[in-house]
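So this block is start-v1.pdb, PDB, C-alpha atoms:
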ATOM      1  CA  MET A1497     -70.143 -14.584  -5.956
ATOM      2  CA  ASN A1498     -68.165 -13.641  -2.882
ATOM      3  CA  LEU A1499     -65.599 -11.815  -5.041
ATOM      4  CA  SER A1500     -68.177  -9.664  -6.735
ATOM      5  CA  PHE A1501     -69.769  -8.840  -3.365
ATOM      6  CA  LEU A1502     -66.349  -7.830  -1.998
ATOM      7  CA  HIS A1503     -65.658  -5.821  -5.113
ATOM      8  CA  VAL A1504     -68.939  -3.904  -4.776
ATOM      9  CA  LEU A1505     -68.338  -3.366  -1.047
ATOM     10  CA  CYS A1506     -64.806  -2.003  -1.643
ATOM     11  CA  SER A1507     -66.041   0.248  -4.410
ATOM     12  CA  PHE A1508     -68.832   1.568  -2.178
ATOM     13  CA  LEU A1509     -66.456   2.209   0.720
ATOM     14  CA  THR A1510     -63.914   3.957  -1.533
ATOM     15  CA  ASN A1511     -66.573   6.234  -3.012
ATOM     16  CA  THR A1512     -67.941   6.954   0.469
ATOM     17  CA  VAL A1513     -64.502   7.935   1.754
ATOM     18  CA  VAL A1514     -63.851  10.217  -1.230
ATOM     19  CA  ILE A1515     -67.226  11.907  -0.827
ATOM     20  CA  SER A1516     -66.679  12.314   2.921
ATOM     21  CA  LEU A1517     -63.270  13.890   2.346
ATOM     22  CA  PHE A1518     -64.748  16.225  -0.265
ATOM     23  CA  TRP A1519     -67.499  17.389   2.120
ATOM     24  CA  LEU A1520     -64.927  17.863   4.877
ATOM     25  CA  PHE A1521     -62.861  20.017   2.527
ATOM     26  CA  LEU A1522     -65.898  22.126   1.591
ATOM     27  CA  LYS A1523     -66.785  22.587   5.260
ATOM     28  CA  MET A1524     -63.241  23.753   6.079
ATOM     29  CA  LEU A1525     -63.240  26.082   3.076
ATOM     30  CA  ARG A1526     -66.557  27.574   4.171
ATOM     31  CA  GLN A1527     -65.181  28.196   7.685
ATOM     32  CA  PHE A1528     -62.094  29.829   6.233
ATOM     33  CA  ILE A1529     -64.143  32.156   4.014
ATOM     34  CA  ILE A1530     -66.462  33.094   6.877
ATOM     35  CA  SER A1531     -63.530  33.841   9.184
ATOM     36  CA  THR A1532     -61.781  36.069   6.630
ATOM     37  CA  VAL A1533     -64.772  37.825   5.074
ATOM     38  CA  GLY A1534     -63.943  41.073   6.888
ATOM     39  CA  ARG A1535     -60.514  41.163   5.296
ATOM     40  CA  ARG A1536     -61.727  40.060   1.871
ATOM     41  CA  GLN A1537     -64.518  42.566   1.430
ATOM     42  CA  PRO A1538     -62.363  45.543   0.295
ATOM     43  CA  LEU A1539     -60.592  43.280  -2.191
ATOM     44  CA  LEU A1540     -63.918  42.150  -3.641
ATOM     45  CA  MET A1541     -65.098  45.750  -3.911
ATOM     46  CA  ILE A1542     -61.921  46.736  -5.768
ATOM     47  CA  SER A1543     -62.192  43.859  -8.204
ATOM     48  CA  GLN A1544     -65.849  44.626  -8.870
ATOM     49  CA  SER A1545     -65.041  48.263  -9.602
ATOM     50  CA  ARG A1546     -62.282  47.161 -11.962
ATOM     51  CA  LEU A1547     -64.668  44.868 -13.765
ATOM     52  CA  ALA A1548     -67.145  47.695 -14.105
ATOM     53  CA  SER A1549     -64.481  50.077 -15.428
ATOM     54  CA  ASN A1550     -63.420  47.558 -18.075
ATOM     55  CA  LEU A1551     -66.855  47.961 -19.630
ATOM     56  CA  ASP A1552     -66.280  51.693 -20.068
ATOM     57  CA  LYS A1553     -64.197  51.914 -23.235
ATOM     58  CA  THR A1554     -63.807  55.693 -23.069
ATOM     59  CA  GLU A1555     -60.819  55.388 -20.758
ATOM     60  CA  TYR A1556     -58.918  53.362 -23.389
ATOM     61  CA  THR A1557     -59.035  55.840 -26.254
ATOM     62  CA  THR A1558     -55.891  57.040 -27.964
ATOM     63  CA  PRO A1559     -54.630  60.305 -26.483
ATOM     64  CA  GLY A1560     -55.088  63.432 -28.555
ATOM     65  CA  GLU A1561     -51.401  64.291 -28.603
ATOM     66  CA  ILE A1562     -48.343  62.068 -28.508
ATOM     67  CA  VAL A1563     -45.872  62.732 -25.725
ATOM     68  CA  ASP A1564     -42.560  62.421 -27.518
ATOM     69  CA  PHE A1565     -39.363  64.112 -26.445
ATOM     70  CA  ASP A1566     -36.431  64.942 -28.684
ATOM     71  CA  ASP A1567     -33.167  63.256 -27.824
ATOM     72  CA  PRO A1568     -30.986  65.508 -25.695
ATOM     73  CA  PRO A1569     -28.034  66.974 -27.593
ATOM     74  CA  HIS A1570     -25.464  65.534 -25.172
ATOM     75  CA  LEU A1571     -26.394  61.967 -26.211
ATOM     76  CA  PRO A1572     -24.518  61.160 -29.410
ATOM     77  CA  VAL A1573     -26.481  59.061 -31.901
ATOM     78  CA  PRO A1574     -24.165  56.639 -33.680
ATOM     79  CA  GLU A1575     -24.018  56.876 -37.448
ATOM     80  CA  TYR A1576     -25.125  53.779 -39.299
ATOM     81  CA  PRO A1577     -22.260  52.541 -41.476
ATOM     82  CA  VAL A1578     -22.925  52.922 -45.188
ATOM     83  CA  ARG A1579     -22.169  49.748 -47.147
ATOM     84  CA  PRO A1580     -21.707  50.848 -50.790
ATOM     85  CA  ASP A1581     -20.099  47.599 -51.987
ATOM     86  CA  GLU A1582     -22.677  45.251 -50.473
ATOM     87  CA  PRO A1583     -24.267  43.009 -53.115
ATOM     88  CA  LEU A1584     -27.978  43.652 -53.667
ATOM     89  CA  GLU A1585     -29.107  40.152 -52.627
ATOM     90  CA  ALA A1586     -26.987  40.272 -49.449
ATOM     91  CA  ARG A1587     -28.441  43.704 -48.645
ATOM     92  CA  LYS A1588     -31.979  42.403 -49.145
ATOM     93  CA  GLN A1589     -31.307  39.446 -46.838
ATOM     94  CA  ARG A1590     -29.903  41.776 -44.182
ATOM     95  CA  LEU A1591     -32.903  44.092 -44.492
ATOM     96  CA  LEU A1592     -35.271  41.128 -44.254
ATOM     97  CA  TYR A1593     -33.651  40.139 -40.960
ATOM     98  CA  GLN A1594     -33.523  43.720 -39.643
ATOM     99  CA  SER A1595     -37.180  44.270 -40.511
ATOM    100  CA  ARG A1596     -38.169  41.256 -38.422
ATOM    101  CA  LYS A1597     -35.990  42.064 -35.387
ATOM    102  CA  ARG A1598     -36.690  45.710 -34.530
ATOM    103  CA  GLY A1599     -37.160  45.235 -30.794
ATOM    104  CA  MET A1600     -40.643  46.689 -31.033
ATOM    105  CA  LEU A1601     -43.500  44.339 -31.905
ATOM    106  CA  GLU A1602     -45.502  46.989 -33.758
ATOM    107  CA  ASN A1603     -42.651  47.628 -36.179
ATOM    108  CA  ASP A1604     -41.738  43.937 -36.363
ATOM    109  CA  LEU A1605     -45.229  43.193 -37.685
ATOM    110  CA  LEU A1606     -45.497  46.209 -39.981
ATOM    111  CA  LEU A1607     -42.016  46.037 -41.475
ATOM    112  CA  SER A1608     -41.796  42.242 -41.797
ATOM    113  CA  THR A1609     -45.100  42.063 -43.678
ATOM    114  CA  PHE A1610     -44.085  45.071 -45.788
ATOM    115  CA  VAL A1611     -40.766  43.452 -46.703
ATOM    116  CA  ALA A1612     -42.408  40.108 -47.469
ATOM    117  CA  LYS A1613     -44.721  41.885 -49.901
ATOM    118  CA  HIS A1614     -42.385  44.429 -51.553
ATOM    119  CA  LEU A1615     -38.657  43.800 -51.016
ATOM    120  CA  LYS A1616     -38.276  41.172 -53.742
ATOM    121  CA  ASP A1617     -39.378  43.743 -56.348
ATOM    122  CA  PHE A1618     -37.150  46.613 -55.131
ATOM    123  CA  ASN A1619     -34.308  47.749 -57.355
ATOM    124  CA  ALA A1620     -30.939  48.865 -55.920
ATOM    125  CA  GLU A1621     -32.062  52.479 -55.391
ATOM    126  CA  GLN A1622     -35.305  51.505 -53.635
ATOM    127  CA  THR A1623     -33.428  49.009 -51.478
ATOM    128  CA  ALA A1624     -30.968  51.753 -50.474
ATOM    129  CA  GLU A1625     -33.895  54.056 -49.579
ATOM    130  CA  TYR A1626     -35.457  51.345 -47.405
ATOM    131  CA  ASP A1627     -32.066  50.676 -45.776
ATOM    132  CA  GLN A1628     -31.723  54.389 -44.970
ATOM    133  CA  LEU A1629     -35.269  54.496 -43.593
ATOM    134  CA  ILE A1630     -34.958  51.648 -41.109
ATOM    135  CA  ASN A1631     -31.297  52.143 -40.203
ATOM    136  CA  GLY A1632     -30.848  55.911 -40.488
ATOM    137  CA  VAL A1633     -33.473  56.727 -37.872
ATOM    138  CA  SER A1634     -32.333  56.446 -34.265
ATOM    139  CA  ASN A1635     -35.800  55.838 -32.811
ATOM    140  CA  ASP A1636     -38.138  53.094 -34.022
ATOM    141  CA  TRP A1637     -41.111  54.968 -32.622
ATOM    142  CA  ASP A1638     -40.443  57.653 -35.225
ATOM    143  CA  ILE A1639     -40.816  55.097 -38.017
ATOM    144  CA  PHE A1640     -44.044  53.851 -36.458
ATOM    145  CA  TYR A1641     -45.497  57.358 -36.032
ATOM    146  CA  TRP A1642     -44.559  58.354 -39.585
ATOM    147  CA  ALA A1643     -45.931  55.146 -41.110
ATOM    148  CA  THR A1644     -49.226  55.508 -39.255
ATOM    149  CA  ASP A1645     -49.459  59.253 -40.082
ATOM    150  CA  THR A1646     -49.478  60.103 -36.379
ATOM    151  CA  LYS A1647     -46.583  62.515 -36.864
ATOM    152  CA  PRO A1648     -45.505  64.269 -40.067
ATOM    153  CA  THR A1649     -42.675  62.585 -41.927
ATOM    154  CA  PRO A1650     -39.510  64.700 -42.219
ATOM    155  CA  PRO A1651     -38.611  65.579 -45.833
ATOM    156  CA  GLN A1652     -35.455  63.422 -45.897
ATOM    157  CA  PHE A1653     -37.553  60.317 -45.126
ATOM    158  CA  ASP A1654     -40.616  61.226 -47.196
ATOM    159  CA  THR A1655     -39.665  58.982 -50.114
ATOM    160  CA  GLU A1656     -41.370  56.562 -52.468
ATOM    161  CA  ILE A1657     -40.620  53.773 -49.968
ATOM    162  CA  MET A1658     -42.258  55.673 -47.104
ATOM    163  CA  ARG A1659     -45.348  56.242 -49.226
ATOM    164  CA  LEU A1660     -45.457  52.509 -50.018
ATOM    165  CA  LEU A1661     -45.089  51.745 -46.307
ATOM    166  CA  LYS A1662     -47.905  54.148 -45.419
ATOM    167  CA  GLU A1663     -50.187  52.445 -47.947
ATOM    168  CA  HIS A1664     -49.207  49.066 -46.519
ATOM    169  CA  VAL A1665     -50.044  50.258 -42.996
ATOM    170  CA  LYS A1666     -53.511  51.429 -44.110
ATOM    171  CA  ASN A1667     -54.212  47.764 -44.925
ATOM    172  CA  HIS A1668     -56.884  48.292 -47.558
ATOM    173  CA  GLU A1669     -56.972  44.505 -48.125
ATOM    174  CA  LYS A1670     -57.924  43.984 -44.437
ATOM    175  CA  VAL A1671     -55.204  41.375 -43.974
ATOM    176  CA  GLN A1672     -54.735  40.108 -40.415
ATOM    177  CA  ARG A1673     -51.194  40.901 -39.311
ATOM    178  CA  ILE A1674     -50.958  39.147 -35.981
ATOM    179  CA  ARG A1675     -47.736  37.284 -36.718
ATOM    180  CA  GLN A1676     -44.739  37.696 -38.919
ATOM    181  CA  PRO A1677     -44.744  35.928 -42.291
ATOM    182  CA  ASP A1678     -42.819  32.705 -42.621
ATOM    183  CA  LEU A1679     -39.323  32.931 -44.057
TER     184      LEU A1679
END
Using the file provided, produce a representation of the structure as structure tokens.
Amino acid sequence: MNLSFLHVLCSFLTNTVVISLFWLFLKMLRQFIISTVGRRQPLLMISQSRLASNLDKTEYTTPGEIVDFDDPPHLPVPEYPVRPDEPLEARKQRLLYQSRKRGMLENDLLLSTFVAKHLKDFNAEQTAEYDQLINGVSNDWDIFYWATDTKPTPPQFDTEIMRLLKEHVKNHEKVQRIRQPDL
């Protein structure tokens, strides 16, 4: 009986100490907030205005025109090496990798899902057209703008493959493309 009494007493004292320390912490926190309220007020006003502006979706609309500058002529764009003797399966494997690793998430998602859906059925000519599309263009943003019909596609890239890519981007099936397909 003495052990259970001691056990209850120790438990009571431990809980009392924890509660006392908690109240002491709250009291100190309250004093800190009161002493710094003059400095904190502008910060609170800024954060409240930011929260209010997040509700206004008009400031997040897509701009009417794309600001896109041509590359200056003094910057040479390297030519992509043509690989005429590359076997078709090796070329498809290379294009699968290159479609997944563009350095731009938008194109990574669009091109990797496009390749997962279509590349296996491409013949040699279609595979060469796709190779020219993703490796002949010096700027990945161009591919993205053409595929999304934001900018007109130049005639040399307006091919059967580009039309397939544009249809893929329209996503008529409403497939969620938030990650790349598994290999």
>> Please expand the PyMOL selection byres ((chain A and resi 1579) around 12) into the concrete residues it hits in this file, giving the result as a ChimeraX atom specification.
In response: /A:1576-1578,1580-1584,1586-1587,1590,1624,1627-1628,1631
>> One number please: CA of Gln1652 (chain A) to CA of Glu1625 (chain A), in Å, one decimal.
In response: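 For CA of Gln1652 (chain A) relative to CA of Glu1625 (chain A), the distance reads 10.2 Å.
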> Please, what distance in Å, to one decimal, runs between CA of Gln1622 (chain A) and CA of Thr1655 (chain A)?
Replying inline: 9.3 Å
>> Just to confirm, what's the straight-line distance from CA of Glu1602 (chain A) to CA of Lys1588 (chain A) in Å (one decimal)?
In response: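 Separation of CA of Glu1602 (chain A) and CA of Lys1588 (chain A): 21.0 Å.
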> the PyMOL selection byres ((chain A and resi 1658-1662) around 8) on the file shown: which residues, as a PyMOL selection string?
Replying inline: chain A and resi 1610+1629+1642-1645+1653-1657+1663-1666
>> From the options A:Met1524, A:Ile1630, A:Asn1511, A:Asp1564, which residue's atoms come nearest to Lys1597 (chain A), counting all atoms listed in the file?
In response: A:Ile1630
>> Evaluate the PyMOL selection byres ((chain A and resi 1603) around 12) against this structure - the residues, as a ChimeraX atom specification, please.
In response: /A:1594-1602,1604-1611,1630,1635-1644,1661,1665,1673-1676
